[in-house]
4 protein chains.
Amino acid sequence: MQQRLRMGMVGGGEGAFIGEVHRMAAALDGQFDLVCGAFSRDSGNNQRTAARLGVRPARTYASWQQLLDAELKLPAGERMQLLVIVTPNQLHVPIALAASTAGFAVFSEKPAGVSLAQTQQLASQLQQQPALYGLAHTYLGYPMVWQAKHLVNSGALGTLRKIYVEYPQGWLTEAIEQQAQKQASWRTDPQQAGSSGCMADIGTHAFGLAEFISGQHITRLLARLHSHIDGRQLDDDGAAFFDTEAGASGVLMASQICAGEENALKIRLYGDKAGLEWQQMSPNTLWFKPHGAPAQYLRAGRGNPELCSEASSRCRLPAGHPEGYLEAMANLYLDFARTLRASSPDNIPSSDVAGVPGIHAALRGMAFIEAMVHSNQTGQWQAVTV
Amino acid sequence: MQQRLRMGMVGGGEGAFIGEVHRMAAALDGQFDLVCGAFSRDSGNNQRTAARLGVRPARTYASWQQLLDAELKLPAGERMQLLVIVTPNQLHVPIALAASTAGFAVFSEKPAGVSLAQTQQLASQLQQQPALYGLAHTYLGYPMVWQAKHLVNSGALGTLRKIYVEYPQGWLTEAIEQQAQKQASWRTDPQQAGSSGCMADIGTHAFGLAEFISGQHITRLLARLHSHIDGRQLDDDGAAFFDTEAGASGVLMASQICAGEENALKIRLYGDKAGLEWQQMSPNTLWFKPHGAPAQYLRAGRGNPELCSEASSRCRLPAGHPEGYLEAMANLYLDFARTLRASSPDNIPSSDVAGVPGIHAALRGMAFIEAMVHSNQTGQWQAVTV
Amino acid sequence: MQQRLRMGMVGGGEGAFIGEVHRMAAALDGQFDLVCGAFSRDSGNNQRTAARLGVRPARTYASWQQLLDAELKLPAGERMQLLVIVTPNQLHVPIALAASTAGFAVFSEKPAGVSLAQTQQLASQLQQQPALYGLAHTYLGYPMVWQAKHLVNSGALGTLRKIYVEYPQGWLTEAIEQQAQKQASWRTDPQQAGSSGCMADIGTHAFGLAEFISGQHITRLLARLHSHIDGRQLDDDGAAFFDTEAGASGVLMASQICAGEENALKIRLYGDKAGLEWQQMSPNTLWFKPHGAPAQYLRAGRGNPELCSEASSRCRLPAGHPEGYLEAMANLYLDFARTLRASSPDNIPSSDVAGVPGIHAALRGMAFIEAMVHSNQTGQWQAVTV
Amino acid sequence: MQQRLRMGMVGGGEGAFIGEVHRMAAALDGQFDLVCGAFSRDSGNNQRTAARLGVRPARTYASWQQLLDAELKLPAGERMQLLVIVTPNQLHVPIALAASTAGFAVFSEKPAGVSLAQTQQLASQLQQQPALYGLAHTYLGYPMVWQAKHLVNSGALGTLRKIYVEYPQGWLTEAIEQQAQKQASWRTDPQQAGSSGCMADIGTHAFGLAEFISGQHITRLLARLHSHIDGRQLDDDGAAFFDTEAGASGVLMASQICAGEENALKIRLYGDKAGLEWQQMSPNTLWFKPHGAPAQYLRAGRGNPELCSEASSRCRLPAGHPEGYLEAMANLYLDFARTLRASSPDNIPSSDVAGVPGIHAALRGMAFIEAMVHSNQTGQWQAVTV
């Protein structure tokens, strides 16, 4: 009989957003049990969260350090197998570093850290001592994102020329960080978020999506960042021109002050034969637009014959039964589960989990953030290298 | 520490569709553990399914009768608390009847049974001996369906005049039941599906949605049913005119032979002040169309101030993070969990689970199916009474 | 040098709607000059309208009878060549009859008349003495309607099974005919509109569109009509089941009390191979939905290689430059111009103008209206025969 | 009796695109007669075009110089009143200069010329000797563009922060200029098009739309231009960051190599209270998105109470009867007609036609093109000044 994998979590107490999302996504396919956590530095919050989630008091820890120490001492058959990191950014790398050094698989929220240098430390450690590491680029769990990647990769677009990727949100239109809104507070605080606000929070999604679907590195960029609220120290909006390694060019836009917008991540790619378009808010549809022929409306759905295997295997339901954000993240957890079940302490194939963005994507994302910030300061093109 | 509720399942073995959907939906919010099941009459299928799902061999039963017998003998603290019925239609009532008689809460797939008379037996039993009973009208778990109901109920549409509800699918365009497609086979077999195919399978959804949002009973209808494949004994398509108790009229359409359609359930309601429109395949949007003023695009999303509490409490994520079909069904499970936790053998408030369609909706649905079949045979208007 | 064709008009004075539409549509392609008219029985209105339109006083007539008499006396090279009838319904046939008897080509607003019997008189006259006659089913001028017809006719849908056609409007939600709204007043007045309101005004469009695209006659129907305002004598809403000559069935809906709806004519057809969908409010798009393959988004546009010649010849602009309602009607005028230029008094090929709905469509439309009214009264299926 | 205004045309012979568009637009509302023209330097083409359009041989001229000379000699009551210039770019200013010097009103295609300096000559002339001058920014004739301007101007968006304007087309995806496609040939030829291809052709539309709706000048920009075909000398794609005079920033994108795209001009503006969005391919809809409240779906339509007078006066038809590109251009002709009728040789109010982009917009557009080209060459921010 198949047993569930044992998952722990740092962060995700009351008032947090993404921790609960991870818990639902991990639960959906019945592969994981949440067995331990350090949900909040506030003891009451930590304990209430644990109780609500059915985590036993003995495995509810006051700090992530305690969590790692105590779990390590447990027998292998009880010990946490995957640590999910859903803290503010400044803790991502320290926890991931300690956890992977201790031999735990890690699934970290993005961005990977608060600096490229810091993230490179993690990369070095993973190289020296392989441990599974994944980065929660949820949007890369959507089936039609894989179908898009497949179409580009299969040559259906011809030679890639242009990439437009945009991510407008409106939730920071007003100065809600000054009204104790928890999400806004830490995301606009350089101590917790790092050197960028909007680009670290959502620009990295746009960047990662562009590199993932195109299969190309963005080699350099020219950026402009803005901040629209008095006293807001980090960017809440910005854009960049960019070039890719194979000669395509593009425009990236990300903003949190587009009043009235929800979460409108969208990507378009154009080659010399066809274009394609995908929008996160209608995630089950992918437009394929051949030059000189009618556009096709490709649809997610279990068993849809038009889909590649990477896309169809990420669908749970027949076409017309909408799947969404949680299912996308759950696909990353399924990939983790598959790799974890195939791994053993003696057999960790590499630091990568097939299907899940790993340390390379983590470094790329940090290089992007730093290039954006630097280019904005200098007004010059900046290489995106790791 | 909160413990998970213990759930059992009849049906849902390999090759089935909706059983897996229930398992994912029940898992999503961490309220239920699947502890026992009789997944298939095929022993190998049954055991493989159980193993894959982590159900212990001791609680993997060869039949639903065995399941009920054995679970009853377990201590109250171990015993299954909710039985999910995901078999073909002809078993819905027999199992529900036995299970509720034995004191188990029941969550049954729709339609409630294969005849109104049969379903009335269940209703009588539930009246004599209260037990929780819910019917899996998944679409009634969508937040924006609740918002639609709220708008009608609050008078925003004025006096209701028209209801158009339609449910086109295309999956039975070809004679796939003759190619051993399991879903198609039983749904087109009168022995397993009852007296109707399309109307029992999806017409009931359309009907239930119309009565739910409007808050009105459909009192009578005039129907036409069709079957488009040689040898297909049950309807695969049909439509009806109908009247409601408060004087509105409408048209209902459901079809499984609309080539190229996925699962396009849609409802429109019009009053003397405004109209509204909701589509299942874009479930997070509700159009509100006041007469003489711009249409409004209402959106699902945790914390959206424009939503009523019934709608916003059914959202897990902020606007722009799509939720779908599984989340809708999971909302029904959350309602079940809430009621189960508040109940005890001495305190079963009634047979209804707040938020979940119950025995009344079950009877209404069966009356609808029979009225459709009868009206089609006679060519006359038929009352829809229970 | 090509000269413009000479057009006259009855109706279309101040306060009218459709007359101005005809004038713009006729002007668009530079084929017609408006040379004479009897725009209103109100003398001042008549003269002001003429002056505004540049129609000379000598050819501004007090009545349609005077117009016919006077124009007949003009030399052939000056005389009106096409008479456009944009009066309320009760005058359509009398004027068309007199004009065609006098040898004028006629382009009449729909419905053709106020009764089938009356329209049959006109048909007899046209048979005895050929004259060009066209009916202004504007929607049949849209390119993508022709593309839809082409797809059905070419077998792309396989054997046709279902037709759903609907036409919801909201403009008669309130009793505006009691507030002297001119359009509403005559359309709800049996003396001017005939035996039906909504079905005569827009139901005929839905019916005509279904017969046009399917290439099949609707042989019988079962209808329900409603009127939602106290004192409103004619139907403002209704629906019908129907059968076609080749064995398809369908549902037609038309309403003028769907609050918040504009002019949402929409048709869907399904065969055993594919479906298609067209919406008047997005007229440049046609969805083609093959069973088991991605839907295609066909687009209007001059030179689009995917279009049949009937569709592409009705586009003036490249794809992406929206054409609309006026262009659709202008396409009917272009067809008229082509036929008029190829005709002479000695060479009137028949009463039909290629591309324009003619007397047969006129009779079909009247038969539809009467069948709807009769079926509603009797509650029985009614044949639609001419 | 109102007489038609007399219009002449330079360019627009067989094989041209935009000339025919102007003729249809000018004809639509019955305000103009085309009385003379120099349609092509090819004599056969010129005469065939004239014959087809009903322009008399005596007023069909071999060159624009002959046209001006000959028309000037005609009596005032016969003479052309408006000259429409639809030649390749390099002739726009020379013809406009000569025509306005001769006292004719001019309606010129965009861009205004091939350089800012050249266009400034025209501006000087118009200042010294007022004559009516309009620039055919067709998109500024759409009703909902005026509604957008009204919303910004009325403060509904609050303080403007961001403008995103984009214009992707795909028609130059392949090297069709090397296949004698007439439109492509001159637009990619520096001798005829000037220093820019894509930016002069469609970038100016995007720029003009942004300045028009925002009511703000774009003060500076940083551009990147590309050319994707071997041997193509001018840009076929590009983007820019920009700032406005009142402190907003934005991104502009225009491309002709986005395979599969038609003519997808789109603009979004965001203030600190609301956002709005308009798309040329769905021109009758304007999204208004207040922060924290449901988005509103504003619709074009004669008499729609939600529209400002500038928008509603530009609608011919009730909502739901689509108007398109030709109607938008026809709105510019209506504005010209209104001004021409109110003018006389002794009373030319200024060089501007109310409602039509004039010499100021012409200069702005040329400054934009030159700034784009210059910024692309230098890699530096460039001022957009006239």
# chains A, B, ... in the order shown; residues from 1 in each chain; ligands from 1

call {"tool": "residues_around", "arguments": {"residues": "C:Ala223", "least_positions_apart": "3", "cutoff": "6 Å", "atoms": "only C-alpha atoms", "output": "list in words"}}
result
Ala239, Ala240, Met372, Ser375 and Asn376 of chain C

call {"tool": "residues_around", "arguments": {"residues": "B:Gln216", "least_positions_apart": "2", "cutoff": "7 Å", "atoms": "only C-alpha atoms", "output": "VMD selection string"}}
result
chain B and resid 211 214 218 244 to 246

call {"tool": "residues_around", "arguments": {"residues": "C:Gly365", "least_positions_apart": "3", "cutoff": "7 Å", "atoms": "only C-alpha atoms", "output": "list in words"}}
result
Pro111, Thr204, Gly208, Ala361, Ala362, Phe368 and Ile369 of chain C

call {"tool": "select_by_dssp", "arguments": {"residues": "stretch 2-193 of chain B", "states": "helix (DSSP H, G or I)", "output": "PyMOL selection string"}}
result
chain B and resi 18-28+43-53+57-59+64-73+89-101+116-128+138-141+143-153+176-179+182-187+190-193

call {"tool": "select_by_dssp", "arguments": {"residues": "stretch 174-298 of chain D", "states": "strand (DSSP E or B)", "output": "short mmCIF file (atom, residue, chain, number, x, y, z; two decimals) with C-alpha atoms, in the first residue's frame"}}
result
data_model
loop_
_atom_site.label_atom_id
_atom_site.label_comp_id
_atom_site.auth_asym_id
_atom_site.auth_seq_id
_atom_site.Cartn_x
_atom_site.Cartn_y
_atom_site.Cartn_z
CA ILE D 218 4.81 62.29 -24.57
CA THR D 219 7.90 64.27 -23.73
CA ARG D 220 10.66 61.74 -24.25
CA LEU D 221 11.23 58.14 -25.23
CA LEU D 222 13.82 55.40 -25.40
CA ALA D 223 13.38 53.18 -28.43
CA ARG D 224 14.50 49.93 -29.98
CA LEU D 225 13.77 49.13 -33.59
CA HIS D 226 14.27 45.92 -35.49
CA ASP D 237 9.06 46.13 -35.38
CA GLY D 238 9.97 48.10 -32.31
CA ALA D 239 9.16 49.34 -28.87
CA ALA D 240 9.73 52.32 -26.64
CA PHE D 241 9.61 53.39 -23.05
CA PHE D 242 8.19 56.86 -22.65
CA ASP D 243 7.32 59.61 -20.20
CA THR D 244 4.50 62.12 -20.40
CA SER D 249 5.21 56.64 -17.95
CA GLY D 250 4.49 53.96 -20.46
CA VAL D 251 5.46 51.39 -23.01
CA LEU D 252 4.67 51.52 -26.71
CA MET D 253 4.99 48.51 -28.98
CA ALA D 254 4.36 48.23 -32.69
CA SER D 255 5.23 45.37 -34.96
CA LYS D 266 -4.86 48.18 -28.04
CA ILE D 267 -4.44 50.76 -25.32
CA ARG D 268 -4.59 50.57 -21.56
CA LEU D 269 -4.33 53.50 -19.19
CA TYR D 270 -4.09 53.35 -15.42
CA GLY D 271 -4.54 56.06 -12.88
CA ALA D 274 -9.14 53.23 -12.16
CA GLY D 275 -7.92 51.74 -15.40
CA LEU D 276 -9.39 51.48 -18.86
CA GLU D 277 -8.81 49.35 -21.94
CA TRP D 278 -9.82 49.65 -25.57
CA GLN D 279 -9.08 47.35 -28.50
CA THR D 285 -16.51 48.15 -26.23
CA LEU D 286 -14.56 50.09 -23.63
CA TRP D 287 -13.57 48.50 -20.34
CA PHE D 288 -13.62 50.78 -17.35
CA LYS D 289 -11.98 49.20 -14.32
CA PRO D 290 -12.36 51.07 -11.06
CA ALA D 295 -15.24 46.39 -14.10
CA GLN D 296 -17.80 48.02 -16.35
CA TYR D 297 -18.38 47.09 -19.95
CA LEU D 298 -19.18 50.35 -21.73
#

call {"tool": "residues_around", "arguments": {"residues": "A:Leu332", "least_positions_apart": "3", "cutoff": "6 Å", "atoms": "only C-alpha atoms", "output": "NGL selection string"}}
result
:A and (141 or 329 or 335 or 356)

call {"tool": "closest_atom_pairs", "arguments": {"of": "chain C", "to": "chain D", "cutoff": "6 Å", "atoms": "only C-alpha atoms", "output": "JSON lines"}}
result
{"residue": "C:Met1", "atom": "CA", "partner": "D:Ala51", "partner_atom": "CA", "distance": 4.5}
{"residue": "C:Gln2", "atom": "CA", "partner": "D:Gly54", "partner_atom": "CA", "distance": 5.2}
{"residue": "C:Met24", "atom": "CA", "partner": "D:Leu28", "partner_atom": "CA", "distance": 5.1}
{"residue": "C:Ala27", "atom": "CA", "partner": "D:Leu28", "partner_atom": "CA", "distance": 5.4}
{"residue": "C:Leu28", "atom": "CA", "partner": "D:Leu28", "partner_atom": "CA", "distance": 4.6}
{"residue": "C:Asp29", "atom": "CA", "partner": "D:Met24", "partner_atom": "CA", "distance": 5.8}
{"residue": "C:Ala51", "atom": "CA", "partner": "D:Met1", "partner_atom": "CA", "distance": 4.5}
{"residue": "C:Arg52", "atom": "CA", "partner": "D:Gln2", "partner_atom": "CA", "distance": 5.9}
{"residue": "C:Gly54", "atom": "CA", "partner": "D:Gln2", "partner_atom": "CA", "distance": 5.2}
{"residue": "C:Glu262", "atom": "CA", "partner": "D:Gly320", "partner_atom": "CA", "distance": 4.9}
{"residue": "C:Asn263", "atom": "CA", "partner": "D:Gly320", "partner_atom": "CA", "distance": 4.7}
{"residue": "C:Met281", "atom": "CA", "partner": "D:Gly320", "partner_atom": "CA", "distance": 5.8}
{"residue": "C:Ala319", "atom": "CA", "partner": "D:Glu262", "partner_atom": "CA", "distance": 5.9}
{"residue": "C:Gly320", "atom": "CA", "partner": "D:Asn263", "partner_atom": "CA", "distance": 4.7}
{"residue": "C:His321", "atom": "CA", "partner": "D:Tyr325", "partner_atom": "CA", "distance": 5.6}
{"residue": "C:Pro322", "atom": "CA", "partner": "D:Gly324", "partner_atom": "CA", "distance": 4.7}
{"residue": "C:Glu323", "atom": "CA", "partner": "D:Gly324", "partner_atom": "CA", "distance": 4.9}
{"residue": "C:Gly324", "atom": "CA", "partner": "D:Pro322", "partner_atom": "CA", "distance": 4.7}
{"residue": "C:Tyr325", "atom": "CA", "partner": "D:Pro322", "partner_atom": "CA", "distance": 5.4}

call {"tool": "residues_around", "arguments": {"residues": "stretch 338-353 of chain A", "least_positions_apart": "3", "cutoff": "6 Å", "atoms": "only C-alpha atoms", "output": "PDB file with N, CA, C and O atoms, in the first residue's frame"}}
result
ATOM      1  N   PRO A 130      24.395  16.636  -3.493  1.00  0.00           N
ATOM      2  CA  PRO A 130      23.091  16.698  -4.163  1.00  0.00           C
ATOM      3  C   PRO A 130      21.918  16.533  -3.195  1.00  0.00           C
ATOM      4  O   PRO A 130      21.949  15.689  -2.290  1.00  0.00           O
ATOM      5  N   ALA A 131      20.941  17.405  -3.373  1.00  0.00           N
ATOM      6  CA  ALA A 131      19.674  17.307  -2.640  1.00  0.00           C
ATOM      7  C   ALA A 131      18.617  17.874  -3.572  1.00  0.00           C
ATOM      8  O   ALA A 131      18.916  18.736  -4.405  1.00  0.00           O
ATOM      9  N   LEU A 132      17.436  17.384  -3.412  1.00  0.00           N
ATOM     10  CA  LEU A 132      16.383  17.867  -4.318  1.00  0.00           C
ATOM     11  C   LEU A 132      15.978  19.278  -3.951  1.00  0.00           C
ATOM     12  O   LEU A 132      15.737  19.573  -2.769  1.00  0.00           O
ATOM     13  N   TYR A 133      15.872  20.120  -4.952  1.00  0.00           N
ATOM     14  CA  TYR A 133      15.499  21.516  -4.735  1.00  0.00           C
ATOM     15  C   TYR A 133      14.534  21.949  -5.833  1.00  0.00           C
ATOM     16  O   TYR A 133      14.797  21.742  -7.023  1.00  0.00           O
ATOM     17  N   ASP A 335       5.081  16.175  -9.405  1.00  0.00           N
ATOM     18  CA  ASP A 335       6.423  15.927  -9.928  1.00  0.00           C
ATOM     19  C   ASP A 335       7.396  15.658  -8.790  1.00  0.00           C
ATOM     20  O   ASP A 335       8.261  14.778  -8.875  1.00  0.00           O
ATOM     21  N   VAL A 356       9.910  20.339 -12.371  1.00  0.00           N
ATOM     22  CA  VAL A 356       9.853  21.464 -11.434  1.00  0.00           C
ATOM     23  C   VAL A 356      11.063  22.368 -11.668  1.00  0.00           C
ATOM     24  O   VAL A 356      12.173  21.874 -11.793  1.00  0.00           O
ATOM     25  N   GLY A 358      14.246  24.292 -10.999  1.00  0.00           N
ATOM     26  CA  GLY A 358      15.218  23.938  -9.975  1.00  0.00           C
ATOM     27  C   GLY A 358      16.218  25.049  -9.722  1.00  0.00           C
ATOM     28  O   GLY A 358      15.925  26.240  -9.902  1.00  0.00           O
TER      29      GLY A 358
END

call {"tool": "atom_distance", "arguments": {"atom1": "atom CA of C:Ser309", "atom2": "atom CA of C:Ala210"}}
result
20.7 Å

call {"tool": "residues_around", "arguments": {"residues": "B:Gly11", "least_positions_apart": "2", "cutoff": "8 Å", "atoms": "only C-alpha atoms", "output": "ChimeraX atom specification"}}
result
/B:9,13,16,19,37-40,85-87

call {"tool": "atom_distance", "arguments": {"atom1": "atom CA of C:Leu135", "atom2": "atom CA of C:Ala112"}}
result
6.9 Å

call {"tool": "residues_around", "arguments": {"residues": "A:Asp236", "least_positions_apart": "4", "cutoff": "8 Å", "atoms": "only C-alpha atoms", "output": "list in words"}}
result
Leu172, Gly197, Cys198, Met199, Leu225, His226, Ser227, His228, Ser255, Gln256 and Ile257 of chain A
